[in-house]
Amino acid sequence: MVTNRMKLELCNITKSFGEKQVLDGITFEAQSGKAFGLLGRNGAGKTTSIRILMDVFPPDSGEVLIDGRPIDYKKVQIGYLPEERGLYPKKLIIDQLVYFAQLKGMHRRDAVAAVDFWLERLGMSEYRNRRLDTLSKGNQQKIQLITALAHDPDIVILDEPFSGLDPVNAMLLKDVVKEQISKGKIVLFSSHQMNYIEEFCDNIAILASGKVALTGNLHDIKRNYVRDRLVVQTENPEAVKKDFGDCCTDIPGGGLMIQLADPGEKKAMMRRLVDTYDIDSVKVFEPSLNDIFVQYAGTK
Amino acid sequence: MNQFGKILRFELKYYFKNKIFVGVTVALALLIAAVMFFPRISEAMQSGETEGGETEANPIMLVQVETAEDTDMIRTAFAAAFPGYDVQVTDKSAAEVQDQITAGEAECAFIITSPTAYSYYVNTLSMYDTNTEIAGSVLQNLYRMNAMIGSGMTPEEADKAINVEIDGDVVNLGKDQFQNYFYTYIMIFALYMVILLYGQMVATNVATEKSSRAMELLITSARPTSMMFGKVVASCLAGLVQLVVVFGSAFLFYNVNKSYWADNSIVQSIFNIPVDLLVYMLIFFILGFFIYAFLYGAIGSTASKLEDINTSVMPLTFLFIIGFVVVISSISSGNVDNTIIKICSYVPFTSPMAMFARIAMSSTVAWYEIVISIGILTGSVLGIGVLCAKIYRVGVLLYGTTPKLGSVLKAVWRA
């Protein structure tokens with residue numbers, strides 16, 4: 001089912017609910033074999049974008065393309081782990097997992113085999129014939145993950161996949177995600193836990209108020225940040241602060257940030273700092289994804 | 001279509017694996033078996049009692065005649081008219097008779113003060129006490145007989161004149177409403193119960209999926225129309241299965257005990273339903289079921305919490321109950337061709353019950369009326385089905401407070 005290379009594009013998607021414009025020209029692209037991070041504050045339009053991508057409702061304008069052509073939902077399989085978790089609490093786990101796999105087009109026998117494979121893979125085989133509501137929250141989440149993966153989809157959409165998992169289960173999920181990426185699938189991540197996005201995602205899009213505030217390769221985004229700030233660790237911060245005045249600020253958690261007037265004076269300034277003060281380390285400031293997120297997704 | 005089949009199977013499994021559903025169905029079948037076997041069992045028990053030589057004594061009826069000369073005649077006439085009583089003549093005073101009745105020594109008493117007047121004493125006047133009517137006609141006949149004898153007739157001639165037998169023959173060219181009444185009533189009641197119960201079940205089922213958030217996955221896995229139709233058809237089949245089990249077991253047990261019911265014309269009429277009426281019943285059941293189940297499903301999809309369901313479905317349930325009351329009061333009055341029921345038999349929300357009642361009990365329903373009614377109903381089922389699937393699609397993603405009907409329809413219009 002999975003093609004060698006695949007490109008998913010959302011082109012200029014708009015969507016309004018009543019008077020409220022929820023999406024206003026959303027455009028981004030994701031590649032197979034790579035994970036894509038879809039970021040944004042609550043209500044920025046992530047879930048609506050995902051629902052349009054999954055054809056729950058059509059966009060007012062714009063298109064979803066696969067390799068440049070409108071997506072054919074009969075051919076492209078999508079697996080989805082919604083942020084709002086929930087299955088049938090009173091039903092047997094095997095019954096509902098097979099049901100969902102069948103709804104995705106699998107034959108019963110294949111569905112049973114796939115579900116059993118995943119139960120085994122996630123260490124959940126013993127719960128196969130139990131009711132869902134007898135499981136702990138973390139285990140229910142693992143069961144829900146199977147609904148997103150059992151039918152071997154081409155596109156895997158994971159909305160806050162790590163929330164509520166203990167560190168051991170988080171490791172297990174990380175392995176599964178890496179496996180999906182290496183299998184050449186498009187993995188779409190939506191999360192507020194930036195460390196996971198940084199760990200997995202090559203490309204990101206930050207949505208703010210229904211628009212794409214920033215999109216591209218995460219590494220490039222970081223590199224292209226204006227390199228006009230230095231992070232300094234020193235035994236004697238007061239001396240530095242006294243000399244630099246307003247250009248020098250404390251970094252929460254330790255260290256100083258020195259704002260340069262021009263990125264070009266970076267080298268000279270580093271040398272001057274090392275020569276003049278008792279410096280432990282000095283380096284160019286590279287923003288974390290968290291910083292980037294706060295800058296772009298924050299209130300404008 | 002493929003998805004529809006899978007959803008249908010999953011939903012059907014929900015009913016057939018549901019212990020309450022299975023339990024209620026079996027319990028109903030057992031109840032019907034008990035009713036149908038009742039005459040056989042009670043007869044067996046009675047014959048056992050007679051063999052033992054103990055029959056229950058009839059209750060005592062006291063008769064006190066103040067005009068002494070007719071006492072024998074009155075006693076004989078009363079004994080003949082009240083075979084269920086042990087009629088005893090008494091000469092005690094009214095006060096003593098009353099004491100006897102309150103003490104439970106006798107059940108009731110007639111104190112006849114003149115050939116045309118009496119007082120009736122009874123401890124508890126039952127709703128169905130016809131004793132006074134019988135006593136009235138006995139005394140009337142005695143009075144007439146005495147008058148005839150007084151004017152020169154022999155007692156035999158007078159007796160013959162009063163108790164003359166009339167031969168009558170009824171030629172019914174249309175429908176026998178008395179005979180049709182009972183099964184029409186039963187079928188409409190079954191229709192009413194099943195639609196109301198299963199409609200609520202569909203609504204609850206949808207709302208449960210929504211409140212447990214299983215909907216988030218469902219809506220991204222299957223078409224809303226497939227889901228809606230799958231659910232409704234599954235509940236319709238489950239309802240039909242229940243009806244078939246209940247009526248089937250009734251029919252089976254009736255035939256096993258047929259001879260014991262031979263003298264009960266009502267029960268006999270119930271089991272002599274013409275086949276064409278059964279077919280109409282099936283058609284109206286399915287169409288009526290669908291129209292309400294779709295609406296219940298759509299309403300269920302707009303509720304965010306299970307608690308909201310009861311209030312949300314109230315208008316629809318009221319609509320249905322009003323239709324039911326109109327139909328039941330029309331068939332009870334015997335006038336199944338009044339204007340209201342005629343209108344109701346074309347309105348899709350009431351026509352399943354109203355048109356069925358008219359077909360069963362009226363002789364004036366033309367074939368084209370039936371065709372038009374079924375046509376309107378079928379069209380409405382399709383229209384409402386599509387509309388409800390749209391409401392469902394919009395409704396299931398709306399969380400928070402239950403939206404107003406207008407805003408849902410607006411959202412549907414835009415979608």
# chains A, B, ... in the order shown; residues from 1 in each chain; ligands from 1
>>> closest_atom_pairs(of="chain B", to="chain A", cutoff="9 Å", atoms="only C-alpha atoms", output="CSV")
residue,atom,partner,partner_atom,distance
B:Asn2,CA,A:Gly105,CA,8.3
B:Gln3,CA,A:Leu103,CA,5.9
B:Lys6,CA,A:Leu103,CA,6.9
B:Ile7,CA,A:Leu103,CA,7.8
B:Phe10,CA,A:Tyr99,CA,7.2
B:Tyr14,CA,A:Lys91,CA,9.0
B:Thr208,CA,A:Tyr88,CA,8.6
B:Glu209,CA,A:Tyr88,CA,7.2
B:Ser211,CA,A:Gly86,CA,8.7
B:Ser212,CA,A:Gly86,CA,5.4
B:Arg213,CA,A:Gly86,CA,4.5
B:Ala214,CA,A:Leu87,CA,4.2
B:Met215,CA,A:Gly86,CA,7.9
B:Glu216,CA,A:Pro82,CA,6.6
B:Leu217,CA,A:Pro82,CA,7.1
B:Leu218,CA,A:Phe100,CA,7.8
B:Ile219,CA,A:Val56,CA,6.6
B:Thr220,CA,A:Val56,CA,5.9
B:Ser221,CA,A:Lys104,CA,6.0
B:Ala222,CA,A:Leu103,CA,6.3
B:Arg223,CA,A:Val56,CA,8.4
B:Arg393,CA,A:Val56,CA,8.4
B:Val394,CA,A:Phe57,CA,8.9
B:Lys410,CA,A:Gly18,CA,8.5
B:Ala411,CA,A:Gly18,CA,7.3
B:Arg414,CA,A:Gly18,CA,8.4
B:Ala415,CA,A:Phe57,CA,7.7
>>> residues_around(residues="A:Arg130", least_positions_apart="3", cutoff="7 Å", atoms="only C-alpha atoms", output="ChimeraX atom specification")
/A:92-93,127
>>> select_by_dssp(residues="stretch 221-373 of chain B", states="alpha helix (DSSP H)", output="short mmCIF file (atom, residue, chain, number, x, y, z; two decimals) with N, CA and C atoms, in the first residue's frame")
data_model
loop_
_atom_site.label_atom_id
_atom_site.label_comp_id
_atom_site.auth_asym_id
_atom_site.auth_seq_id
_atom_site.Cartn_x
_atom_site.Cartn_y
_atom_site.Cartn_z
N SER B 221 -13.60 7.22 10.19
CA SER B 221 -13.44 5.88 9.63
C SER B 221 -14.58 5.50 8.69
N PRO B 224 -20.93 9.19 7.42
CA PRO B 224 -22.05 9.38 8.34
C PRO B 224 -23.32 8.67 7.86
N THR B 225 -23.55 8.68 6.54
CA THR B 225 -24.77 8.01 6.04
C THR B 225 -24.70 6.52 6.33
N SER B 226 -23.53 5.90 6.12
CA SER B 226 -23.41 4.47 6.42
C SER B 226 -23.67 4.22 7.88
N MET B 227 -23.12 5.11 8.72
CA MET B 227 -23.28 4.91 10.17
C MET B 227 -24.73 5.03 10.59
N MET B 228 -25.37 6.08 10.07
CA MET B 228 -26.77 6.32 10.42
C MET B 228 -27.64 5.15 9.95
N PHE B 229 -27.49 4.79 8.68
CA PHE B 229 -28.33 3.73 8.13
C PHE B 229 -28.01 2.39 8.80
N GLY B 230 -26.74 2.15 9.06
CA GLY B 230 -26.34 0.91 9.71
C GLY B 230 -27.00 0.76 11.07
N LYS B 231 -26.97 1.85 11.83
CA LYS B 231 -27.56 1.83 13.17
C LYS B 231 -29.07 1.62 13.10
N VAL B 232 -29.70 2.41 12.22
CA VAL B 232 -31.17 2.36 12.16
C VAL B 232 -31.66 1.01 11.65
N VAL B 233 -31.01 0.51 10.60
CA VAL B 233 -31.45 -0.79 10.06
C VAL B 233 -31.21 -1.89 11.11
N ALA B 234 -30.10 -1.80 11.82
CA ALA B 234 -29.82 -2.82 12.85
C ALA B 234 -30.89 -2.79 13.93
N SER B 235 -31.26 -1.58 14.38
CA SER B 235 -32.26 -1.54 15.45
C SER B 235 -33.62 -1.97 14.92
N CYS B 236 -33.89 -1.66 13.65
CA CYS B 236 -35.15 -2.10 13.03
C CYS B 236 -35.20 -3.62 12.99
N LEU B 237 -34.11 -4.24 12.58
CA LEU B 237 -34.06 -5.71 12.53
C LEU B 237 -34.22 -6.31 13.92
N ALA B 238 -33.54 -5.68 14.89
CA ALA B 238 -33.64 -6.19 16.26
C ALA B 238 -35.10 -6.10 16.74
N GLY B 239 -35.75 -4.96 16.43
CA GLY B 239 -37.15 -4.79 16.81
C GLY B 239 -38.04 -5.82 16.13
N LEU B 240 -37.77 -6.05 14.84
CA LEU B 240 -38.55 -7.04 14.09
C LEU B 240 -38.38 -8.43 14.67
N VAL B 241 -37.13 -8.75 15.00
CA VAL B 241 -36.86 -10.07 15.58
C VAL B 241 -37.66 -10.24 16.87
N GLN B 242 -37.66 -9.17 17.67
CA GLN B 242 -38.41 -9.25 18.92
C GLN B 242 -39.91 -9.44 18.66
N LEU B 243 -40.42 -8.67 17.69
CA LEU B 243 -41.84 -8.80 17.35
C LEU B 243 -42.15 -10.21 16.85
N VAL B 244 -41.28 -10.72 15.97
CA VAL B 244 -41.52 -12.04 15.40
C VAL B 244 -41.49 -13.10 16.51
N VAL B 245 -40.54 -12.96 17.44
CA VAL B 245 -40.47 -13.94 18.54
C VAL B 245 -41.75 -13.87 19.38
N VAL B 246 -42.17 -12.64 19.71
CA VAL B 246 -43.34 -12.50 20.57
C VAL B 246 -44.60 -12.99 19.87
N PHE B 247 -44.85 -12.47 18.66
CA PHE B 247 -46.06 -12.87 17.95
C PHE B 247 -45.98 -14.32 17.46
N GLY B 248 -44.77 -14.72 17.08
CA GLY B 248 -44.58 -16.11 16.63
C GLY B 248 -44.87 -17.08 17.76
N SER B 249 -44.36 -16.78 18.96
CA SER B 249 -44.61 -17.71 20.07
C SER B 249 -46.09 -17.68 20.44
N ALA B 250 -46.70 -16.49 20.34
CA ALA B 250 -48.14 -16.41 20.62
C ALA B 250 -48.90 -17.30 19.64
N PHE B 251 -48.55 -17.20 18.35
CA PHE B 251 -49.23 -17.99 17.33
C PHE B 251 -49.01 -19.48 17.56
N LEU B 252 -47.79 -19.83 17.87
CA LEU B 252 -47.44 -21.24 18.10
C LEU B 252 -48.21 -21.80 19.29
N PHE B 253 -48.15 -21.09 20.41
CA PHE B 253 -48.80 -21.61 21.62
C PHE B 253 -50.32 -21.58 21.50
N TYR B 254 -50.83 -20.63 20.70
CA TYR B 254 -52.28 -20.61 20.46
C TYR B 254 -52.69 -21.88 19.73
N ASN B 255 -51.92 -22.24 18.72
CA ASN B 255 -52.29 -23.42 17.93
C ASN B 255 -52.17 -24.70 18.73
N VAL B 256 -51.17 -24.73 19.66
CA VAL B 256 -51.04 -25.90 20.53
C VAL B 256 -52.29 -26.04 21.41
N SER B 265 -64.21 -15.68 21.56
CA SER B 265 -64.24 -15.08 20.21
C SER B 265 -63.16 -14.01 20.04
N ILE B 266 -62.80 -13.31 21.13
CA ILE B 266 -61.80 -12.25 21.01
C ILE B 266 -60.43 -12.85 20.66
N VAL B 267 -60.05 -13.87 21.41
CA VAL B 267 -58.75 -14.49 21.14
C VAL B 267 -58.74 -15.10 19.74
N GLN B 268 -59.87 -15.71 19.39
CA GLN B 268 -59.94 -16.30 18.05
C GLN B 268 -59.78 -15.23 16.97
N SER B 269 -60.42 -14.08 17.19
CA SER B 269 -60.34 -13.02 16.17
C SER B 269 -58.90 -12.52 16.06
N ILE B 270 -58.20 -12.48 17.20
CA ILE B 270 -56.81 -11.98 17.16
C ILE B 270 -55.94 -12.88 16.29
N VAL B 275 -53.74 -12.40 5.97
CA VAL B 275 -52.32 -12.29 5.59
C VAL B 275 -52.01 -10.91 5.02
N ASP B 276 -52.95 -10.36 4.23
CA ASP B 276 -52.65 -9.05 3.63
C ASP B 276 -52.46 -7.98 4.71
N LEU B 277 -53.17 -8.11 5.81
CA LEU B 277 -52.98 -7.13 6.89
C LEU B 277 -51.59 -7.28 7.53
N LEU B 278 -51.14 -8.51 7.62
CA LEU B 278 -49.79 -8.73 8.15
C LEU B 278 -48.75 -8.07 7.26
N VAL B 279 -48.97 -8.16 5.97
CA VAL B 279 -48.04 -7.54 5.03
C VAL B 279 -48.06 -6.02 5.21
N TYR B 280 -49.27 -5.46 5.32
CA TYR B 280 -49.36 -4.01 5.56
C TYR B 280 -48.67 -3.64 6.87
N MET B 281 -48.90 -4.47 7.86
CA MET B 281 -48.28 -4.24 9.17
C MET B 281 -46.76 -4.14 9.02
N LEU B 282 -46.20 -5.08 8.26
CA LEU B 282 -44.75 -5.11 8.05
C LEU B 282 -44.28 -3.84 7.34
N ILE B 283 -45.02 -3.47 6.28
CA ILE B 283 -44.63 -2.27 5.51
C ILE B 283 -44.67 -1.04 6.43
N PHE B 284 -45.78 -0.86 7.13
CA PHE B 284 -45.91 0.35 7.96
C PHE B 284 -44.97 0.31 9.15
N PHE B 285 -44.71 -0.89 9.65
CA PHE B 285 -43.77 -0.99 10.75
C PHE B 285 -42.39 -0.51 10.30
N ILE B 286 -41.92 -1.05 9.17
CA ILE B 286 -40.56 -0.72 8.72
C ILE B 286 -40.45 0.77 8.41
N LEU B 287 -41.43 1.28 7.62
CA LEU B 287 -41.34 2.69 7.23
C LEU B 287 -41.49 3.61 8.45
N GLY B 288 -42.45 3.30 9.29
CA GLY B 288 -42.67 4.12 10.49
C GLY B 288 -41.45 4.07 11.41
N PHE B 289 -40.91 2.90 11.52
CA PHE B 289 -39.73 2.72 12.37
C PHE B 289 -38.59 3.59 11.87
N PHE B 290 -38.36 3.52 10.55
CA PHE B 290 -37.23 4.26 9.97
C PHE B 290 -37.36 5.76 10.21
N ILE B 291 -38.56 6.27 9.96
CA ILE B 291 -38.72 7.72 10.03
C ILE B 291 -38.40 8.20 11.45
N TYR B 292 -38.89 7.47 12.44
CA TYR B 292 -38.63 7.90 13.82
C TYR B 292 -37.20 7.59 14.26
N ALA B 293 -36.69 6.43 13.86
CA ALA B 293 -35.33 6.07 14.28
C ALA B 293 -34.31 7.06 13.71
N PHE B 294 -34.52 7.50 12.47
CA PHE B 294 -33.62 8.51 11.89
C PHE B 294 -33.64 9.77 12.75
N LEU B 295 -34.86 10.22 13.06
CA LEU B 295 -34.98 11.45 13.84
C LEU B 295 -34.37 11.29 15.23
N TYR B 296 -34.63 10.16 15.84
CA TYR B 296 -34.05 9.92 17.16
C TYR B 296 -32.52 9.91 17.07
N GLY B 297 -31.99 9.29 16.02
CA GLY B 297 -30.54 9.26 15.83
C GLY B 297 -29.98 10.66 15.68
N ALA B 298 -30.66 11.47 14.86
CA ALA B 298 -30.19 12.84 14.63
C ALA B 298 -30.22 13.63 15.93
N ILE B 299 -31.28 13.45 16.71
CA ILE B 299 -31.37 14.17 17.99
C ILE B 299 -30.26 13.69 18.93
N GLY B 300 -30.03 12.38 18.93
CA GLY B 300 -28.97 11.83 19.77
C GLY B 300 -27.62 12.44 19.42
N SER B 301 -27.41 12.73 18.13
CA SER B 301 -26.12 13.25 17.71
C SER B 301 -25.89 14.68 18.17
N THR B 302 -26.98 15.40 18.47
CA THR B 302 -26.78 16.79 18.88
C THR B 302 -26.60 16.92 20.40
N LEU B 306 -25.36 12.26 27.93
CA LEU B 306 -26.46 11.31 27.92
C LEU B 306 -27.69 11.88 28.63
N GLU B 307 -27.44 12.73 29.67
CA GLU B 307 -28.56 13.27 30.43
C GLU B 307 -29.44 14.17 29.56
N ASP B 308 -28.83 14.76 28.52
CA ASP B 308 -29.60 15.68 27.68
C ASP B 308 -30.62 14.96 26.81
N ILE B 309 -30.40 13.67 26.59
CA ILE B 309 -31.22 12.93 25.65
C ILE B 309 -32.71 13.03 25.99
N ASN B 310 -33.03 12.81 27.26
CA ASN B 310 -34.44 12.74 27.63
C ASN B 310 -35.20 14.01 27.26
N THR B 311 -34.59 15.17 27.52
CA THR B 311 -35.29 16.40 27.18
C THR B 311 -35.26 16.65 25.68
N SER B 312 -34.17 16.28 25.02
CA SER B 312 -34.07 16.56 23.58
C SER B 312 -35.10 15.78 22.77
N MET B 314 -38.00 14.83 23.71
CA MET B 314 -39.38 15.01 24.16
C MET B 314 -40.33 15.48 23.05
N PRO B 315 -39.97 16.52 22.28
CA PRO B 315 -40.92 16.97 21.25
C PRO B 315 -41.28 15.85 20.27
N LEU B 316 -40.28 15.07 19.90
CA LEU B 316 -40.53 13.98 18.95
C LEU B 316 -41.43 12.92 19.57
N THR B 317 -41.14 12.59 20.83
CA THR B 317 -41.95 11.59 21.52
C THR B 317 -43.40 12.08 21.65
N PHE B 318 -43.56 13.37 21.94
CA PHE B 318 -44.91 13.94 22.03
C PHE B 318 -45.66 13.81 20.72
N LEU B 319 -44.97 14.17 19.64
CA LEU B 319 -45.57 14.07 18.30
C LEU B 319 -46.10 12.66 18.08
N PHE B 320 -45.29 11.71 18.45
CA PHE B 320 -45.65 10.31 18.24
C PHE B 320 -46.82 9.90 19.13
N ILE B 321 -46.79 10.36 20.39
CA ILE B 321 -47.86 9.99 21.32
C ILE B 321 -49.18 10.60 20.86
N ILE B 322 -49.14 11.85 20.36
CA ILE B 322 -50.37 12.48 19.88
C ILE B 322 -50.97 11.65 18.75
N GLY B 323 -50.12 11.24 17.80
CA GLY B 323 -50.58 10.38 16.71
C GLY B 323 -51.22 9.12 17.24
N PHE B 324 -50.58 8.55 18.24
CA PHE B 324 -51.07 7.29 18.82
C PHE B 324 -52.44 7.49 19.47
N VAL B 325 -52.57 8.60 20.22
CA VAL B 325 -53.84 8.86 20.90
C VAL B 325 -54.97 9.07 19.90
N VAL B 326 -54.68 9.84 18.83
CA VAL B 326 -55.70 10.08 17.80
C VAL B 326 -56.17 8.75 17.21
N VAL B 327 -55.22 7.89 16.88
CA VAL B 327 -55.57 6.64 16.23
C VAL B 327 -56.33 5.73 17.19
N ILE B 328 -55.82 5.62 18.41
CA ILE B 328 -56.46 4.70 19.37
C ILE B 328 -57.88 5.19 19.71
N SER B 329 -58.05 6.53 19.87
CA SER B 329 -59.40 6.98 20.22
C SER B 329 -60.33 6.80 19.03
N SER B 330 -59.81 6.92 17.81
CA SER B 330 -60.66 6.71 16.64
C SER B 330 -61.09 5.25 16.53
N ILE B 331 -60.16 4.33 16.73
CA ILE B 331 -60.57 2.93 16.57
C ILE B 331 -61.44 2.50 17.74
N SER B 332 -61.24 3.10 18.91
CA SER B 332 -62.08 2.73 20.04
C SER B 332 -63.50 3.21 19.82
N SER B 333 -63.66 4.41 19.20
CA SER B 333 -65.00 4.93 18.96
C SER B 333 -65.64 4.23 17.76
N THR B 339 -62.34 12.96 9.93
CA THR B 339 -61.42 13.81 9.17
C THR B 339 -60.01 13.77 9.75
N ILE B 340 -59.92 13.79 11.08
CA ILE B 340 -58.58 13.85 11.69
C ILE B 340 -57.76 12.62 11.31
N ILE B 341 -58.36 11.46 11.44
CA ILE B 341 -57.58 10.25 11.15
C ILE B 341 -57.29 10.16 9.65
N LYS B 342 -58.20 10.73 8.84
CA LYS B 342 -57.93 10.74 7.39
C LYS B 342 -56.69 11.58 7.09
N ILE B 343 -56.64 12.76 7.71
CA ILE B 343 -55.46 13.62 7.52
C ILE B 343 -54.22 12.89 8.06
N CYS B 344 -54.36 12.32 9.26
CA CYS B 344 -53.23 11.63 9.87
C CYS B 344 -52.72 10.49 9.00
N SER B 351 -48.96 8.45 9.71
CA SER B 351 -49.60 7.53 8.77
C SER B 351 -49.32 6.05 9.05
N PRO B 352 -48.15 5.67 9.59
CA PRO B 352 -47.96 4.23 9.84
C PRO B 352 -49.06 3.66 10.73
N MET B 353 -49.45 4.42 11.76
CA MET B 353 -50.50 3.91 12.63
C MET B 353 -51.88 4.19 12.05
N ALA B 354 -52.08 5.44 11.55
CA ALA B 354 -53.41 5.85 11.11
C ALA B 354 -53.86 5.07 9.87
N MET B 355 -52.96 4.96 8.87
CA MET B 355 -53.37 4.27 7.65
C MET B 355 -53.59 2.80 7.94
N PHE B 356 -52.75 2.24 8.78
CA PHE B 356 -52.91 0.83 9.11
C PHE B 356 -54.26 0.60 9.79
N ALA B 357 -54.62 1.49 10.71
CA ALA B 357 -55.90 1.35 11.41
C ALA B 357 -57.05 1.44 10.42
N ARG B 358 -56.93 2.37 9.45
CA ARG B 358 -58.02 2.51 8.48
C ARG B 358 -58.13 1.28 7.59
N ILE B 359 -56.98 0.77 7.15
CA ILE B 359 -57.02 -0.42 6.28
C ILE B 359 -57.67 -1.58 7.04
N ALA B 360 -57.31 -1.69 8.33
CA ALA B 360 -57.81 -2.83 9.09
C ALA B 360 -59.29 -2.70 9.43
N MET B 361 -59.76 -1.48 9.67
CA MET B 361 -61.11 -1.35 10.24
C MET B 361 -62.12 -0.62 9.39
N TRP B 367 -57.79 1.71 -2.86
CA TRP B 367 -56.41 1.25 -3.05
C TRP B 367 -55.46 2.41 -3.30
N TYR B 368 -55.97 3.44 -4.05
CA TYR B 368 -55.05 4.54 -4.36
C TYR B 368 -54.71 5.35 -3.12
N GLU B 369 -55.62 5.37 -2.16
CA GLU B 369 -55.31 6.08 -0.91
C GLU B 369 -54.13 5.41 -0.21
N ILE B 370 -54.16 4.08 -0.22
CA ILE B 370 -53.07 3.32 0.41
C ILE B 370 -51.75 3.59 -0.32
N VAL B 371 -51.84 3.58 -1.66
CA VAL B 371 -50.63 3.81 -2.46
C VAL B 371 -50.07 5.20 -2.19
N ILE B 372 -50.96 6.20 -2.15
CA ILE B 372 -50.49 7.57 -1.91
C ILE B 372 -49.84 7.67 -0.53
N SER B 373 -50.52 7.08 0.46
CA SER B 373 -49.99 7.15 1.82
C SER B 373 -48.61 6.50 1.92
#
>>> atom_distance(atom1="atom CA of A:Asp228", atom2="atom CA of A:Ala261")
7.4 Å
>>> atom_distance(atom1="atom CA of B:Met148", atom2="atom CA of B:Arg75")
19.9 Å
>>> select_by_dssp(residues="stretch 157-295 of chain A", states="strand (DSSP E)", output="ChimeraX atom specification")
/A:157-159,186-190,201-208,211-217,229-234,248-250,256-259,279-284
